[in-house]
file model_7.txt (compact mmCIF, C-alpha atoms)
# COMPACT_ATOMS: atom_id res chain seq x y z
CA MET A 1175 114.45 73.26 114.76
CA PRO A 1176 113.91 76.68 113.12
CA ARG A 1177 111.06 76.88 110.65
CA GLN A 1178 112.38 76.94 107.09
CA PRO A 1179 110.88 79.48 104.70
CA ARG A 1180 108.59 78.05 102.06
CA ARG A 1181 110.10 77.73 98.62
CA ARG A 1182 106.93 77.74 96.52
CA SER A 1183 107.36 79.63 93.30
CA TYR A 1184 105.67 80.10 89.96
CA ASP A 1185 109.07 79.32 88.44
CA GLN A 1186 108.59 81.93 85.75
CA HIS A 1187 111.25 84.43 84.69
CA CYS A 1188 108.79 87.31 84.95
CA ALA A 1189 108.85 90.32 87.29
CA ALA A 1190 105.14 89.97 88.12
CA ALA A 1191 105.57 86.29 88.91
CA ARG A 1192 108.59 87.01 91.13
CA ALA A 1193 106.58 89.65 92.99
CA LEU A 1194 103.72 87.20 93.52
CA ASP A 1195 106.20 84.62 94.79
CA LEU A 1196 106.81 87.06 97.67
CA VAL A 1197 103.45 88.74 98.30
CA GLY A 1198 100.86 86.67 96.47
CA ASP A 1199 99.89 84.46 99.40
CA ARG A 1200 96.59 85.07 101.20
CA TRP A 1201 96.90 87.70 103.99
CA THR A 1202 100.39 88.92 103.05
CA LEU A 1203 99.36 92.27 101.54
CA LEU A 1204 96.87 92.85 104.35
CA VAL A 1205 99.70 92.38 106.85
CA VAL A 1206 101.58 95.05 104.88
CA ARG A 1207 98.50 97.29 105.07
CA GLU A 1208 98.53 97.04 108.87
CA LEU A 1209 102.29 97.57 109.17
CA LEU A 1210 102.12 100.73 107.05
CA ALA A 1211 100.77 102.23 110.27
CA GLY A 1212 104.17 101.61 111.86
CA PRO A 1213 105.48 98.93 114.25
CA ARG A 1214 102.76 96.60 115.57
CA ARG A 1215 102.67 93.86 118.17
CA TYR A 1216 101.51 90.42 117.09
CA THR A 1217 98.36 90.73 119.20
CA ASP A 1218 97.48 94.07 117.58
CA LEU A 1219 98.01 92.63 114.11
CA HIS A 1220 95.80 89.68 114.92
CA ALA A 1221 93.06 91.94 116.27
CA ASP A 1222 93.01 94.04 113.07
CA LEU A 1223 93.10 91.06 110.71
CA PRO A 1224 89.79 89.41 111.63
CA GLY A 1225 89.49 85.98 110.10
CA VAL A 1226 93.16 85.03 110.14
CA SER A 1227 94.15 82.14 112.37
CA THR A 1228 97.04 82.52 114.79
CA ASP A 1229 99.01 79.82 112.96
CA MET A 1230 98.42 81.45 109.58
CA LEU A 1231 99.49 84.89 110.81
CA ALA A 1232 102.60 83.53 112.52
CA GLY A 1233 103.51 81.67 109.33
CA ARG A 1234 103.00 84.70 107.12
CA LEU A 1235 105.14 86.87 109.38
CA LYS A 1236 107.96 84.32 109.34
CA ASP A 1237 107.77 84.12 105.55
CA MET A 1238 107.82 87.91 105.30
CA GLU A 1239 110.86 88.04 107.59
CA ALA A 1240 112.62 85.50 105.40
CA ALA A 1241 111.80 87.61 102.34
CA GLU A 1242 113.17 90.70 104.17
CA LEU A 1243 109.84 92.51 103.96
CA VAL A 1244 109.46 92.80 107.75
CA THR A 1245 111.71 92.74 110.78
CA ARG A 1246 110.98 91.79 114.38
CA ARG A 1247 112.52 93.63 117.31
CA ARG A 1248 112.02 94.03 121.04
CA LEU A 1249 110.87 97.37 122.39
CA PRO A 1250 112.99 98.84 125.18
CA PRO A 1251 111.79 98.67 128.82
CA PRO A 1252 109.30 99.16 130.30
CA ALA A 1253 107.42 97.78 127.27
CA SER A 1254 109.75 94.84 126.50
CA ALA A 1255 107.32 93.57 123.86
CA PHE A 1256 108.21 92.38 120.38
CA VAL A 1257 106.95 94.36 117.41
CA TYR A 1258 106.96 93.76 113.68
CA GLU A 1259 107.74 96.55 111.24
CA LEU A 1260 108.24 96.92 107.51
CA THR A 1261 111.69 97.12 106.02
CA ALA A 1262 112.46 99.70 103.34
CA ARG A 1263 111.66 96.97 100.81
CA GLY A 1264 108.33 96.32 102.50
CA ARG A 1265 107.40 100.01 102.52
CA GLU A 1266 107.88 100.06 98.76
CA LEU A 1267 104.62 98.09 98.58
CA LEU A 1268 102.60 101.20 99.48
CA PRO A 1269 102.05 102.22 95.81
CA VAL A 1270 100.96 98.65 95.10
CA LEU A 1271 98.33 98.79 97.85
CA ARG A 1272 97.21 102.26 96.73
CA SER A 1273 96.71 101.03 93.18
CA LEU A 1274 94.97 97.88 94.40
CA ALA A 1275 92.66 99.94 96.63
CA ALA A 1276 91.84 102.32 93.76
CA TRP A 1277 91.09 99.37 91.49
CA GLY A 1278 88.92 97.72 94.14
CA ALA A 1279 87.03 100.86 95.25
CA PRO A 1280 84.15 100.38 92.76
CA GLU A 1281 83.53 96.93 94.28
CA LEU A 1282 83.20 98.23 97.83
CA GLY A 1283 79.62 99.46 98.15
CA GLU A 1284 77.87 99.17 101.50
CA PRO A 1285 79.38 96.75 104.04
CA ARG A 1286 77.93 93.27 103.84
CA PRO A 1287 76.47 91.72 107.03
CA THR A 1288 79.54 89.49 107.31
CA ASP A 1289 82.09 92.28 106.72
CA ALA A 1290 84.41 93.37 109.51
CA VAL A 1291 85.02 97.14 109.54
CA ARG A 1292 87.92 99.17 110.89
CA ALA A 1293 88.02 102.93 110.42
CA HIS A 1294 91.74 102.95 109.56
CA TRP A 1295 91.11 100.70 106.55
CA TYR A 1296 89.99 103.89 104.79
CA ALA A 1297 93.39 105.55 105.35
CA ILE A 1298 95.25 104.23 102.30
CA PRO A 1299 92.36 104.80 99.86
CA LEU A 1300 92.05 108.40 101.17
CA LEU A 1301 95.70 109.34 100.62
CA GLY A 1302 95.07 110.79 97.17
CA ALA A 1303 92.08 112.86 98.28
CA LEU A 1304 94.02 114.35 101.21
CA ALA A 1305 97.18 115.15 99.25
CA GLY A 1306 96.02 118.68 98.40
CA LEU A 1307 96.01 119.74 102.05
CA GLY A 1308 99.81 120.17 102.15
CA ALA A 1309 102.28 118.78 104.65
CA GLY A 1310 101.02 117.61 107.99
CA VAL A 1311 98.89 115.14 109.91
CA VAL A 1312 95.17 114.93 109.19
CA GLN A 1313 92.89 113.55 111.90
CA VAL A 1314 89.92 111.74 110.31
CA THR A 1315 86.75 111.08 112.29
CA LEU A 1316 84.10 108.62 111.12
CA ASP A 1317 81.19 107.00 112.93
CA GLU A 1318 83.26 103.80 112.80
CA GLY A 1319 86.22 105.39 114.60
CA LYS A 1320 89.18 107.70 114.19
CA PHE A 1321 92.52 107.51 112.41
CA HIS A 1322 95.19 109.95 111.25
CA VAL A 1323 97.11 110.23 108.00
CA ARG A 1324 100.52 111.80 107.31
CA VAL A 1325 100.85 113.81 104.10
CA GLY A 1326 104.07 115.22 102.61
CA ALA A 1327 104.78 118.81 101.58
CA ASP A 1328 104.32 118.15 97.87
CA GLY A 1329 101.25 116.01 98.32
CA SER A 1330 103.33 112.85 98.47
CA VAL A 1331 103.05 110.31 101.23
CA ALA A 1332 105.02 111.08 104.40
CA TYR A 1333 106.05 107.83 106.07
CA GLY A 1334 107.48 109.05 109.39
CA ASP A 1335 106.57 106.44 112.00
CA GLY A 1336 103.93 105.14 109.60
CA VAL A 1337 101.80 106.35 106.73
CA TYR A 1338 98.77 106.41 109.00
CA GLY A 1339 97.80 105.54 112.55
CA ASP A 1340 94.73 104.17 114.26
CA GLY A 1341 92.98 106.47 116.73
CA THR A 1342 93.74 110.08 117.59
CA THR A 1343 97.05 111.92 117.51
CA GLU A 1344 98.29 114.94 119.43
CA LEU A 1345 98.25 118.30 117.63
CA PRO A 1346 97.02 117.30 114.18
CA ASP A 1347 97.41 119.93 111.47
CA ALA A 1348 93.88 119.45 110.19
CA GLY A 1349 90.74 117.54 111.05
CA LEU A 1350 88.29 115.88 108.70
CA ARG A 1351 84.89 114.68 109.88
CA THR A 1352 82.85 112.68 107.42
CA ASP A 1353 81.14 109.31 106.94
CA ALA A 1354 82.07 105.99 105.40
CA ALA A 1355 79.96 106.55 102.27
CA THR A 1356 81.80 109.81 101.57
CA CYS A 1357 85.13 108.10 102.20
CA ARG A 1358 84.21 105.51 99.58
CA ALA A 1359 83.29 108.26 97.11
CA LEU A 1360 86.55 110.11 97.78
CA ALA A 1361 88.58 106.92 97.46
CA GLY A 1362 86.88 105.99 94.20
CA GLY A 1363 87.39 109.44 92.66
CA GLU A 1364 83.65 110.10 92.43
CA LEU A 1365 84.05 113.13 94.68
CA THR A 1366 86.85 115.57 95.48
CA LEU A 1367 87.53 116.75 99.01
CA ALA A 1368 86.50 120.30 98.05
CA GLU A 1369 83.20 118.99 96.66
CA ALA A 1370 82.58 116.93 99.78
CA VAL A 1371 83.10 119.98 102.01
CA GLU A 1372 81.03 122.28 99.79
CA SER A 1373 78.13 119.82 99.74
CA GLY A 1374 78.22 119.38 103.51
CA ARG A 1375 79.21 115.73 103.32
CA ALA A 1376 82.50 116.50 105.09
CA ALA A 1377 83.73 119.15 107.54
CA LEU A 1378 87.37 120.25 107.32
CA ASP A 1379 89.11 122.14 110.14
CA ARG A 1380 92.60 123.48 109.40
CA THR A 1381 93.06 125.29 112.73
CA LEU A 1382 93.63 122.35 115.08
CA ARG A 1383 97.37 122.76 115.61
CA ALA A 1384 97.09 126.52 116.07
CA ALA A 1385 94.40 125.94 118.69
CA GLY A 1386 96.42 123.22 120.43
CA ALA A 1387 93.60 120.73 119.97
CA HIS A 1388 93.96 117.02 120.60

call {"tool": "encode", "arguments": {"input": "model_7.txt", "output": "structure tokens"}}
result
Amino acid sequence: MPRQPRRRSYDQHCAAARALDLVGDRWTLLVVRELLAGPRRYTDLHADLPGVSTDMLAGRLKDMEAAELVTRRRLPPPASAFVYELTARGRELLPVLRSLAAWGAPELGEPRPTDAVRAHWYAIPLLGALAGLGAGVVQVTLDEGKFHVRVGADGSVAYGDGVYGDGTTELPDAGLRTDAATCRALAGGELTLAEAVESGRAALDRTLRAAGAH
């Protein structure tokens, strides 16, 4: 028998309450964070959501499908794997996550011994700091790993196949090499990108595409 979507609700005629009916459950917004990178397989989602059980993740994805925040589709051969991706409605949560990340940035500090770390978790908080670079793809390199971010012509977010992606990308328009502490300062507005470069805390290369670098 198909699993029925949960019907829990705050039962309040309030826009904030209605929104929390859909995305207020534990893990839901973090699933959105991962899917803002584009379509992901279940196993990839599980790997980048350390701490979530398989049952919990499967349940959240089914609930998000029922709420029309995500869709599930099969990739064409030879892959033939199922992937989850955000709907247009789901992608509208990006400003919510950006605001939440900005609000939470002062709480970040140094990673705690129990904290999992993924380099691409810095992508959404960095969007504002990278907006001044103009349209293109920015490859970001940290000690913790690499990710790339897509920025629109007017400094807006360019979704494309995803707002960001884990790992490297072919022919980025610019490259940024820095460290996690500088990322936190940029995300929290304590430092601008120009200040980070001038102080030597970050190195920016805008010649990658022209040089055909990978």

call {"tool": "closest_atom_pairs", "arguments": {"input": "model_7.txt", "of": "region 1223-1323 of chain A", "to": "region 1338-1345 of chain A", "cutoff": "9 Å", "atoms": "all atoms listed in the file", "output": "JSON lines"}}
result
{"residue": "A:Ala1293", "atom": "CA", "partner": "A:Asp1340", "partner_atom": "CA", "distance": 7.8}
{"residue": "A:His1294", "atom": "CA", "partner": "A:Asp1340", "partner_atom": "CA", "distance": 5.7}
{"residue": "A:Ala1297", "atom": "CA", "partner": "A:Tyr1338", "partner_atom": "CA", "distance": 6.6}
{"residue": "A:Ile1298", "atom": "CA", "partner": "A:Tyr1338", "partner_atom": "CA", "distance": 7.9}
{"residue": "A:Val1311", "atom": "CA", "partner": "A:Leu1345", "partner_atom": "CA", "distance": 8.4}
{"residue": "A:Gln1313", "atom": "CA", "partner": "A:Thr1342", "partner_atom": "CA", "distance": 6.7}
{"residue": "A:Val1314", "atom": "CA", "partner": "A:Thr1342", "partner_atom": "CA", "distance": 8.4}
{"residue": "A:Thr1315", "atom": "CA", "partner": "A:Thr1342", "partner_atom": "CA", "distance": 8.8}
{"residue": "A:Gly1319", "atom": "CA", "partner": "A:Gly1341", "partner_atom": "CA", "distance": 7.2}
{"residue": "A:Lys1320", "atom": "CA", "partner": "A:Gly1341", "partner_atom": "CA", "distance": 4.7}
{"residue": "A:Phe1321", "atom": "CA", "partner": "A:Asp1340", "partner_atom": "CA", "distance": 4.4}
{"residue": "A:His1322", "atom": "CA", "partner": "A:Gly1339", "partner_atom": "CA", "distance": 5.3}
{"residue": "A:Val1323", "atom": "CA", "partner": "A:Tyr1338", "partner_atom": "CA", "distance": 4.3}

call {"tool": "atom_distance", "arguments": {"input": "model_7.txt", "atom1": "CA of Glu1318 (chain A)", "atom2": "CA of Leu1235 (chain A)"}}
result
27.9 Å

call {"tool": "atom_distance", "arguments": {"input": "model_7.txt", "atom1": "CA of Leu1249 (chain A)", "atom2": "CA of Ala1262 (chain A)"}}
result
19.3 Å

call {"tool": "atom_distance", "arguments": {"input": "model_7.txt", "atom1": "CA of Arg1263 (chain A)", "atom2": "CA of Arg1247 (chain A)"}}
result
16.9 Å

call {"tool": "residues_near_point", "arguments": {"input": "model_7.txt", "point": "(87.9, 118.0, 93.9)", "cutoff": "12 Å", "atoms": "all atoms listed in the file", "output": "PyMOL selection string"}}
result
chain A and resi 1302-1307+1359-1361+1363-1373

call {"tool": "residues_around", "arguments": {"input": "model_7.txt", "residues": "Gly1278 (chain A)", "least_positions_apart": "3", "cutoff": "10 Å", "atoms": "all atoms listed in the file", "output": "list of chain:residue names"}}
result
A:Arg1272, A:Ser1273, A:Leu1274, A:Ala1275, A:Glu1281, A:Leu1282, A:Pro1299, A:Ala1361, A:Gly1362
